[in-house]
Every structure is written in C-alpha cells, then in structure tokens.
Amino acid sequence: MKATEQTLQQIERALRKVADKFPADQEAAMLTDIHIRVTQETGELMAFNDDDQELTRCVVEEWIDNKDDNFYEGITSVVRKCINNRKEMLDNLSILKPYAFVLEDDDRESVAELYVVDDDTVIIDSELMEGLDKDLDDFFEKLLKS
C-alpha cells in the first residue's frame, strides 16, 4: 500500500505522542509492548499500553472505509516505515527492554510485530527478505559444484 505524505505525518505524530508519554530521562516503566490498533472502517489508529490504557489516537483519512481484503498487510509496511523513520526516538523510551510495537486489528488480534526494541534483536521487514530462500539455494548449489 502506498501512503500519502499526510498519512505518514499523521502516523509519525501519533508515535511522537507515544514517545512523549515515556521520556528517556524518566525511570523505566514495566511495560512489554505498545499495541497499535487500527480500525479499518473508521481509519482510527490508536496506541495502547499493556493495561489497555489509551496512549494516543488519530484518524488516518486515507484509511477510512478501506474495503481492501489485505488492508492490514498493506498498512504493516507503512506503519513499520514510520517507526523506522522515528527509530532513534522510539529506541530510547523509558520502558524496560525488550519491548515491542505490535499491530492489531479492531478485534484486538495481533496482525504483525512491527518492531522490537532490544539491544540484541532486530526484526527485518519481510519485503527485504523476499527471495532470500532462492538466493541461498543458488548459493549452495554453486558452492557444491565447486
């Protein structure tokens, strides 16, 4: 899914509001995930902590009444891109590591783990990994021929 500049700005603004709730100079909170819940019908993007307390919300106009069957798969890369754009800010929240940003649908079902903040763990975007199996198979085949 291709996102407009306005959509990217709205998502990044919501991420900044989440970061404002956990400033780096405060003592680390006992939180394990930040849940980003998107409602396909209304275009609402909401962020919650583990106790289901709302951290922020916004409406992404481009997503209102989106009827795409692959809506959540499409927005995963968009939200992940916004997180990556604000990676430095989101890596330093006053939350005990590891913590994750998780995309959920409007039924509170986990759709994707968007980003894990940990000193040793990185989640790579699936688009980046596309075709890796074939590349590895080709590499091993050439290696065995040698």
# chains A, B, ... in the order shown; residues from 1 in each chain; ligands from 1
>>> residues_around(residues="A:Val111", least_positions_apart="6", cutoff="12 Å", atoms="only C-alpha atoms", output="MDAnalysis selection string")
chainID A and resid 35:38 70:77 101:105
>>> select_by_dssp(residues="stretch 14-62 of chain A", states="strand (DSSP E or B)", output="list in words")
Ala29, Asp33, Ile34, His35, Ile36, Arg37, Val38, Thr39, Glu44, Leu45, Met46, Ala47, Phe48, Glu54, Leu55, Thr56, Arg57, Cys58 and Val59 of chain A
>>> write_last_selection(atoms="all heavy atoms", output="compact mmCIF listing (two decimals), in the first residue's frame")
# COMPACT_ATOMS: atom_id res chain seq x y z
N ALA A 29 9.66 2.22 32.87
CA ALA A 29 8.38 1.62 33.27
C ALA A 29 8.39 0.12 32.95
O ALA A 29 9.09 -0.33 32.04
CB ALA A 29 7.24 2.29 32.52
N ASP A 33 4.90 -4.13 25.73
CA ASP A 33 4.52 -3.86 24.35
C ASP A 33 3.72 -2.57 24.24
O ASP A 33 3.04 -2.17 25.18
CB ASP A 33 3.66 -4.99 23.78
CG ASP A 33 4.42 -6.29 23.63
OD1 ASP A 33 5.61 -6.23 23.27
OD2 ASP A 33 3.83 -7.35 23.86
N ILE A 34 3.79 -1.99 23.07
CA ILE A 34 2.91 -0.89 22.70
C ILE A 34 2.05 -1.44 21.57
O ILE A 34 2.56 -1.89 20.55
CB ILE A 34 3.70 0.35 22.28
CG1 ILE A 34 4.48 0.85 23.49
CG2 ILE A 34 2.76 1.41 21.71
CD1 ILE A 34 5.30 2.07 23.29
N HIS A 35 0.75 -1.44 21.80
CA HIS A 35 -0.20 -2.03 20.86
C HIS A 35 -0.76 -0.92 19.98
O HIS A 35 -1.37 0.02 20.48
CB HIS A 35 -1.33 -2.72 21.61
CG HIS A 35 -0.82 -3.75 22.58
ND1 HIS A 35 -0.64 -5.06 22.24
CD2 HIS A 35 -0.43 -3.63 23.88
CE1 HIS A 35 -0.16 -5.72 23.27
NE2 HIS A 35 -0.03 -4.88 24.28
N ILE A 36 -0.56 -1.06 18.69
CA ILE A 36 -1.09 -0.10 17.73
C ILE A 36 -2.29 -0.76 17.07
O ILE A 36 -2.15 -1.73 16.33
CB ILE A 36 -0.03 0.33 16.70
CG1 ILE A 36 1.12 1.01 17.44
CG2 ILE A 36 -0.64 1.22 15.64
CD1 ILE A 36 2.28 1.39 16.58
N ARG A 37 -3.45 -0.26 17.40
CA ARG A 37 -4.71 -0.84 16.92
C ARG A 37 -5.28 0.06 15.84
O ARG A 37 -5.46 1.26 16.03
CB ARG A 37 -5.68 -0.96 18.09
CG ARG A 37 -6.86 -1.85 17.82
CD ARG A 37 -7.65 -2.11 19.09
NE ARG A 37 -6.81 -2.71 20.12
CZ ARG A 37 -6.95 -2.48 21.42
NH1 ARG A 37 -7.90 -1.67 21.86
NH2 ARG A 37 -6.16 -3.06 22.30
N VAL A 38 -5.61 -0.54 14.70
CA VAL A 38 -6.18 0.21 13.58
C VAL A 38 -7.55 -0.36 13.25
O VAL A 38 -7.72 -1.57 13.13
CB VAL A 38 -5.26 0.14 12.33
CG1 VAL A 38 -5.89 0.87 11.16
CG2 VAL A 38 -3.89 0.73 12.65
N THR A 39 -8.52 0.54 13.12
CA THR A 39 -9.88 0.15 12.75
C THR A 39 -10.07 0.48 11.27
O THR A 39 -10.02 1.64 10.88
CB THR A 39 -10.91 0.89 13.61
OG1 THR A 39 -10.62 0.64 14.99
CG2 THR A 39 -12.32 0.43 13.31
N GLU A 44 -9.24 4.82 12.24
CA GLU A 44 -8.66 5.22 13.51
C GLU A 44 -7.41 4.39 13.83
O GLU A 44 -7.42 3.18 13.71
CB GLU A 44 -9.66 5.01 14.65
CG GLU A 44 -10.10 6.28 15.26
CD GLU A 44 -11.05 6.04 16.42
OE1 GLU A 44 -11.69 4.98 16.51
OE2 GLU A 44 -11.15 6.97 17.23
N LEU A 45 -6.36 5.08 14.23
CA LEU A 45 -5.14 4.45 14.72
C LEU A 45 -5.02 4.83 16.18
O LEU A 45 -5.03 6.02 16.50
CB LEU A 45 -3.93 4.93 13.93
CG LEU A 45 -2.58 4.37 14.34
CD1 LEU A 45 -1.70 4.18 13.11
CD2 LEU A 45 -1.88 5.26 15.33
N MET A 46 -4.95 3.82 17.04
CA MET A 46 -4.86 4.07 18.48
C MET A 46 -3.67 3.29 19.02
O MET A 46 -3.36 2.21 18.53
CB MET A 46 -6.13 3.61 19.19
CG MET A 46 -7.37 4.36 18.73
SD MET A 46 -8.90 3.51 19.17
CE MET A 46 -8.97 2.23 17.93
N ALA A 47 -3.03 3.86 20.03
CA ALA A 47 -1.92 3.18 20.70
C ALA A 47 -2.32 2.93 22.14
O ALA A 47 -2.87 3.82 22.80
CB ALA A 47 -0.66 4.01 20.62
N PHE A 48 -2.03 1.72 22.62
CA PHE A 48 -2.37 1.32 23.98
C PHE A 48 -1.15 0.71 24.66
O PHE A 48 -0.27 0.16 23.99
CB PHE A 48 -3.48 0.25 23.96
CG PHE A 48 -4.79 0.73 23.43
CD1 PHE A 48 -5.08 0.66 22.08
CD2 PHE A 48 -5.73 1.27 24.29
CE1 PHE A 48 -6.29 1.11 21.59
CE2 PHE A 48 -6.94 1.72 23.80
CZ PHE A 48 -7.23 1.65 22.45
N GLU A 54 -5.32 3.82 26.81
CA GLU A 54 -5.02 4.53 25.57
C GLU A 54 -3.90 5.54 25.77
O GLU A 54 -3.92 6.34 26.70
CB GLU A 54 -6.28 5.25 25.08
CG GLU A 54 -6.11 5.88 23.72
CD GLU A 54 -7.39 6.50 23.20
OE1 GLU A 54 -8.43 5.81 23.20
OE2 GLU A 54 -7.34 7.69 22.82
N LEU A 55 -2.93 5.50 24.86
CA LEU A 55 -1.82 6.45 24.89
C LEU A 55 -2.05 7.61 23.93
O LEU A 55 -1.72 8.74 24.23
CB LEU A 55 -0.50 5.73 24.53
CG LEU A 55 -0.12 4.57 25.44
CD1 LEU A 55 1.09 3.82 24.87
CD2 LEU A 55 0.16 5.06 26.86
N THR A 56 -2.61 7.31 22.78
CA THR A 56 -2.94 8.33 21.80
C THR A 56 -3.85 7.74 20.73
O THR A 56 -4.00 6.52 20.64
CB THR A 56 -1.68 8.94 21.14
OG1 THR A 56 -2.03 10.08 20.37
CG2 THR A 56 -0.96 7.93 20.25
N ARG A 57 -4.43 8.63 19.93
CA ARG A 57 -5.26 8.19 18.80
C ARG A 57 -5.25 9.27 17.73
O ARG A 57 -5.06 10.45 18.02
CB ARG A 57 -6.67 7.83 19.22
CG ARG A 57 -7.57 9.00 19.50
CD ARG A 57 -9.03 8.66 19.71
NE ARG A 57 -9.24 7.58 20.65
CZ ARG A 57 -10.24 6.71 20.56
NH1 ARG A 57 -11.12 6.80 19.62
NH2 ARG A 57 -10.38 5.75 21.46
N CYS A 58 -5.49 8.84 16.51
CA CYS A 58 -5.65 9.77 15.39
C CYS A 58 -6.49 9.06 14.33
O CYS A 58 -6.69 7.85 14.39
CB CYS A 58 -4.31 10.23 14.83
SG CYS A 58 -3.37 8.97 13.96
N VAL A 59 -6.98 9.82 13.39
CA VAL A 59 -7.73 9.24 12.28
C VAL A 59 -6.90 9.45 11.02
O VAL A 59 -6.52 10.57 10.69
CB VAL A 59 -9.12 9.91 12.12
CG1 VAL A 59 -9.82 9.38 10.88
CG2 VAL A 59 -9.96 9.66 13.36
>>> residues_around(residues="A:Met30", least_positions_apart="2", cutoff="10 Å", atoms="only C-alpha atoms", output="short mmCIF file (atom, residue, chain, number, x, y, z; two decimals) with all heavy atoms, in the first residue's frame")
data_model
loop_
_atom_site.label_atom_id
_atom_site.label_comp_id
_atom_site.auth_asym_id
_atom_site.auth_seq_id
_atom_site.Cartn_x
_atom_site.Cartn_y
_atom_site.Cartn_z
N GLU A 27 12.48 7.22 34.96
CA GLU A 27 12.78 5.83 35.32
C GLU A 27 11.97 4.90 34.41
O GLU A 27 10.81 5.17 34.10
CB GLU A 27 12.41 5.58 36.78
CG GLU A 27 12.82 4.22 37.28
CD GLU A 27 12.53 4.03 38.75
OE1 GLU A 27 12.53 5.03 39.50
OE2 GLU A 27 12.30 2.88 39.14
N ALA A 28 12.59 3.81 34.01
CA ALA A 28 11.97 2.88 33.07
C ALA A 28 10.71 2.24 33.66
O ALA A 28 10.71 1.77 34.79
CB ALA A 28 12.95 1.81 32.66
N THR A 32 5.75 -4.11 28.40
CA THR A 32 6.40 -5.01 27.45
C THR A 32 6.06 -4.70 26.00
O THR A 32 6.85 -4.99 25.13
CB THR A 32 6.04 -6.48 27.74
OG1 THR A 32 4.64 -6.63 27.72
CG2 THR A 32 6.59 -6.90 29.08
N ASP A 33 4.90 -4.13 25.73
CA ASP A 33 4.52 -3.86 24.35
C ASP A 33 3.72 -2.57 24.24
O ASP A 33 3.04 -2.17 25.18
CB ASP A 33 3.66 -4.99 23.78
CG ASP A 33 4.42 -6.29 23.63
OD1 ASP A 33 5.61 -6.23 23.27
OD2 ASP A 33 3.83 -7.35 23.86
N ASP A 50 0.12 -2.12 27.82
CA ASP A 50 -0.28 -3.49 28.14
C ASP A 50 -1.55 -3.57 28.97
O ASP A 50 -2.23 -4.60 28.97
CB ASP A 50 0.84 -4.21 28.90
CG ASP A 50 1.97 -4.60 27.98
OD1 ASP A 50 1.71 -4.85 26.79
OD2 ASP A 50 3.12 -4.66 28.45
N SER A 94 11.42 5.33 28.01
CA SER A 94 11.67 4.89 29.39
C SER A 94 10.83 3.66 29.70
O SER A 94 9.95 3.65 30.56
CB SER A 94 11.39 6.02 30.38
OG SER A 94 10.05 6.44 30.25
N ILE A 95 11.10 2.59 28.96
CA ILE A 95 10.43 1.30 29.11
C ILE A 95 11.54 0.26 29.20
O ILE A 95 12.51 0.31 28.44
CB ILE A 95 9.52 0.99 27.91
CG1 ILE A 95 8.45 2.08 27.75
CG2 ILE A 95 8.88 -0.37 28.05
CD1 ILE A 95 7.61 1.95 26.49
N LEU A 96 11.38 -0.69 30.14
CA LEU A 96 12.39 -1.74 30.27
C LEU A 96 12.45 -2.57 28.97
O LEU A 96 11.42 -2.96 28.44
CB LEU A 96 12.07 -2.65 31.45
CG LEU A 96 12.24 -2.02 32.83
CD1 LEU A 96 11.82 -3.02 33.91
CD2 LEU A 96 13.66 -1.57 33.07
N LYS A 97 13.66 -2.81 28.49
CA LYS A 97 13.84 -3.59 27.28
C LYS A 97 13.82 -5.07 27.62
O LYS A 97 14.24 -5.44 28.70
CB LYS A 97 15.17 -3.22 26.62
CG LYS A 97 15.18 -1.81 26.08
CD LYS A 97 16.50 -1.48 25.44
CE LYS A 97 16.47 -0.04 24.91
NZ LYS A 97 17.75 0.38 24.39
N TYR A 99 11.00 -4.38 24.52
CA TYR A 99 9.60 -4.05 24.30
C TYR A 99 9.35 -4.01 22.80
O TYR A 99 10.28 -3.91 22.01
CB TYR A 99 9.19 -2.72 24.98
CG TYR A 99 9.98 -1.50 24.58
CD1 TYR A 99 9.56 -0.68 23.55
CD2 TYR A 99 11.13 -1.14 25.27
CE1 TYR A 99 10.27 0.47 23.20
CE2 TYR A 99 11.84 0.00 24.94
CZ TYR A 99 11.41 0.81 23.90
OH TYR A 99 12.11 1.94 23.57
#
>>> residues_around(residues="A:Met89", least_positions_apart="2", cutoff="12 Å", atoms="only C-alpha atoms", output="NGL selection string")
:A and (12 or 15-20 or 22-24 or 82-87 or 91-94 or 117)
>>> atom_distance(atom1="atom CA of A:Glu113", atom2="atom CA of A:Arg80")
9.3 Å
>>> closest_residue(among="A:Leu90, A:Ala112, A:Gly43, A:Asp135", to="A:Lys21", atoms="only C-alpha atoms")
A:Leu90
>>> decode(residues="stretch 31-44 of chain A", atoms="all heavy atoms", output="PDB file, in the first residue's frame")
ATOM      1  N   LEU A  31       6.754  -2.155  31.138  1.00  0.00           N
ATOM      2  CA  LEU A  31       5.825  -2.293  30.018  1.00  0.00           C
ATOM      3  C   LEU A  31       6.495  -3.199  29.003  1.00  0.00           C
ATOM      4  O   LEU A  31       7.703  -3.095  28.786  1.00  0.00           O
ATOM      5  CB  LEU A  31       5.562  -0.914  29.412  1.00  0.00           C
ATOM      6  CG  LEU A  31       4.550  -0.802  28.306  1.00  0.00           C
ATOM      7  CD1 LEU A  31       3.141  -0.970  28.872  1.00  0.00           C
ATOM      8  CD2 LEU A  31       4.648   0.546  27.637  1.00  0.00           C
ATOM      9  N   THR A  32       5.753  -4.110  28.399  1.00  0.00           N
ATOM     10  CA  THR A  32       6.399  -5.005  27.452  1.00  0.00           C
ATOM     11  C   THR A  32       6.060  -4.699  25.999  1.00  0.00           C
ATOM     12  O   THR A  32       6.852  -4.986  25.128  1.00  0.00           O
ATOM     13  CB  THR A  32       6.045  -6.480  27.743  1.00  0.00           C
ATOM     14  OG1 THR A  32       4.638  -6.625  27.716  1.00  0.00           O
ATOM     15  CG2 THR A  32       6.588  -6.900  29.082  1.00  0.00           C
ATOM     16  N   ASP A  33       4.899  -4.132  25.729  1.00  0.00           N
ATOM     17  CA  ASP A  33       4.519  -3.857  24.351  1.00  0.00           C
ATOM     18  C   ASP A  33       3.717  -2.570  24.238  1.00  0.00           C
ATOM     19  O   ASP A  33       3.035  -2.171  25.178  1.00  0.00           O
ATOM     20  CB  ASP A  33       3.655  -4.993  23.778  1.00  0.00           C
ATOM     21  CG  ASP A  33       4.423  -6.289  23.625  1.00  0.00           C
ATOM     22  OD1 ASP A  33       5.612  -6.235  23.272  1.00  0.00           O
ATOM     23  OD2 ASP A  33       3.829  -7.350  23.859  1.00  0.00           O
ATOM     24  N   ILE A  34       3.793  -1.994  23.070  1.00  0.00           N
ATOM     25  CA  ILE A  34       2.912  -0.893  22.703  1.00  0.00           C
ATOM     26  C   ILE A  34       2.050  -1.436  21.571  1.00  0.00           C
ATOM     27  O   ILE A  34       2.556  -1.891  20.548  1.00  0.00           O
ATOM     28  CB  ILE A  34       3.701   0.354  22.284  1.00  0.00           C
ATOM     29  CG1 ILE A  34       4.476   0.852  23.493  1.00  0.00           C
ATOM     30  CG2 ILE A  34       2.762   1.411  21.709  1.00  0.00           C
ATOM     31  CD1 ILE A  34       5.296   2.068  23.289  1.00  0.00           C
ATOM     32  N   HIS A  35       0.747  -1.444  21.801  1.00  0.00           N
ATOM     33  CA  HIS A  35      -0.199  -2.026  20.865  1.00  0.00           C
ATOM     34  C   HIS A  35      -0.764  -0.916  19.979  1.00  0.00           C
ATOM     35  O   HIS A  35      -1.373   0.020  20.480  1.00  0.00           O
ATOM     36  CB  HIS A  35      -1.333  -2.724  21.613  1.00  0.00           C
ATOM     37  CG  HIS A  35      -0.824  -3.747  22.583  1.00  0.00           C
ATOM     38  ND1 HIS A  35      -0.640  -5.057  22.242  1.00  0.00           N
ATOM     39  CD2 HIS A  35      -0.425  -3.635  23.878  1.00  0.00           C
ATOM     40  CE1 HIS A  35      -0.164  -5.716  23.275  1.00  0.00           C
ATOM     41  NE2 HIS A  35      -0.028  -4.876  24.284  1.00  0.00           N
ATOM     42  N   ILE A  36      -0.557  -1.055  18.690  1.00  0.00           N
ATOM     43  CA  ILE A  36      -1.095  -0.096  17.731  1.00  0.00           C
ATOM     44  C   ILE A  36      -2.290  -0.760  17.068  1.00  0.00           C
ATOM     45  O   ILE A  36      -2.145  -1.727  16.330  1.00  0.00           O
ATOM     46  CB  ILE A  36      -0.030   0.327  16.704  1.00  0.00           C
ATOM     47  CG1 ILE A  36       1.120   1.011  17.438  1.00  0.00           C
ATOM     48  CG2 ILE A  36      -0.645   1.216  15.637  1.00  0.00           C
ATOM     49  CD1 ILE A  36       2.280   1.390  16.582  1.00  0.00           C
ATOM     50  N   ARG A  37      -3.450  -0.255  17.397  1.00  0.00           N
ATOM     51  CA  ARG A  37      -4.709  -0.839  16.921  1.00  0.00           C
ATOM     52  C   ARG A  37      -5.285   0.059  15.838  1.00  0.00           C
ATOM     53  O   ARG A  37      -5.457   1.261  16.028  1.00  0.00           O
ATOM     54  CB  ARG A  37      -5.676  -0.960  18.089  1.00  0.00           C
ATOM     55  CG  ARG A  37      -6.858  -1.848  17.822  1.00  0.00           C
ATOM     56  CD  ARG A  37      -7.654  -2.106  19.090  1.00  0.00           C
ATOM     57  NE  ARG A  37      -6.809  -2.707  20.124  1.00  0.00           N
ATOM     58  CZ  ARG A  37      -6.952  -2.479  21.418  1.00  0.00           C
ATOM     59  NH1 ARG A  37      -7.899  -1.672  21.856  1.00  0.00           N
ATOM     60  NH2 ARG A  37      -6.156  -3.061  22.300  1.00  0.00           N
ATOM     61  N   VAL A  38      -5.613  -0.540  14.697  1.00  0.00           N
ATOM     62  CA  VAL A  38      -6.181   0.214  13.579  1.00  0.00           C
ATOM     63  C   VAL A  38      -7.549  -0.358  13.247  1.00  0.00           C
ATOM     64  O   VAL A  38      -7.716  -1.573  13.133  1.00  0.00           O
ATOM     65  CB  VAL A  38      -5.260   0.141  12.334  1.00  0.00           C
ATOM     66  CG1 VAL A  38      -5.894   0.871  11.158  1.00  0.00           C
ATOM     67  CG2 VAL A  38      -3.890   0.731  12.647  1.00  0.00           C
ATOM     68  N   THR A  39      -8.521   0.535  13.119  1.00  0.00           N
ATOM     69  CA  THR A  39      -9.879   0.148  12.748  1.00  0.00           C
ATOM     70  C   THR A  39     -10.073   0.475  11.272  1.00  0.00           C
ATOM     71  O   THR A  39     -10.016   1.645  10.884  1.00  0.00           O
ATOM     72  CB  THR A  39     -10.911   0.888  13.609  1.00  0.00           C
ATOM     73  OG1 THR A  39     -10.616   0.639  14.989  1.00  0.00           O
ATOM     74  CG2 THR A  39     -12.320   0.428  13.306  1.00  0.00           C
ATOM     75  N   GLN A  40     -10.275  -0.547  10.474  1.00  0.00           N
ATOM     76  CA  GLN A  40     -10.369  -0.385   9.021  1.00  0.00           C
ATOM     77  C   GLN A  40     -11.544   0.489   8.623  1.00  0.00           C
ATOM     78  O   GLN A  40     -11.429   1.323   7.733  1.00  0.00           O
ATOM     79  CB  GLN A  40     -10.471  -1.764   8.364  1.00  0.00           C
ATOM     80  CG  GLN A  40     -10.431  -1.739   6.859  1.00  0.00           C
ATOM     81  CD  GLN A  40     -10.342  -3.136   6.268  1.00  0.00           C
ATOM     82  OE1 GLN A  40     -10.266  -4.124   6.981  1.00  0.00           O
ATOM     83  NE2 GLN A  40     -10.341  -3.218   4.955  1.00  0.00           N
ATOM     84  N   GLU A  41     -12.664   0.343   9.281  1.00  0.00           N
ATOM     85  CA  GLU A  41     -13.880   1.073   8.918  1.00  0.00           C
ATOM     86  C   GLU A  41     -13.748   2.583   9.161  1.00  0.00           C
ATOM     87  O   GLU A  41     -14.167   3.388   8.340  1.00  0.00           O
ATOM     88  CB  GLU A  41     -15.050   0.512   9.718  1.00  0.00           C
ATOM     89  CG  GLU A  41     -16.392   1.058   9.306  1.00  0.00           C
ATOM     90  CD  GLU A  41     -17.501   0.374  10.078  1.00  0.00           C
ATOM     91  OE1 GLU A  41     -17.690  -0.840   9.883  1.00  0.00           O
ATOM     92  OE2 GLU A  41     -18.163   1.076  10.875  1.00  0.00           O
ATOM     93  N   THR A  42     -13.162   2.958  10.303  1.00  0.00           N
ATOM     94  CA  THR A  42     -13.107   4.379  10.670  1.00  0.00           C
ATOM     95  C   THR A  42     -11.765   5.029  10.359  1.00  0.00           C
ATOM     96  O   THR A  42     -11.652   6.256  10.420  1.00  0.00           O
ATOM     97  CB  THR A  42     -13.366   4.554  12.177  1.00  0.00           C
ATOM     98  OG1 THR A  42     -12.331   3.887  12.904  1.00  0.00           O
ATOM     99  CG2 THR A  42     -14.727   4.010  12.561  1.00  0.00           C
ATOM    100  N   GLY A  43     -10.739   4.219  10.071  1.00  0.00           N
ATOM    101  CA  GLY A  43      -9.407   4.766   9.815  1.00  0.00           C
ATOM    102  C   GLY A  43      -8.692   5.197  11.082  1.00  0.00           C
ATOM    103  O   GLY A  43      -7.653   5.843  11.028  1.00  0.00           O
ATOM    104  N   GLU A  44      -9.239   4.823  12.238  1.00  0.00           N
ATOM    105  CA  GLU A  44      -8.657   5.218  13.513  1.00  0.00           C
ATOM    106  C   GLU A  44      -7.411   4.391  13.825  1.00  0.00           C
ATOM    107  O   GLU A  44      -7.420   3.178  13.712  1.00  0.00           O
ATOM    108  CB  GLU A  44      -9.660   5.013  14.645  1.00  0.00           C
ATOM    109  CG  GLU A  44     -10.099   6.284  15.262  1.00  0.00           C
ATOM    110  CD  GLU A  44     -11.048   6.041  16.419  1.00  0.00           C
ATOM    111  OE1 GLU A  44     -11.687   4.982  16.509  1.00  0.00           O
ATOM    112  OE2 GLU A  44     -11.153   6.972  17.226  1.00  0.00           O
TER     113      GLU A  44
END
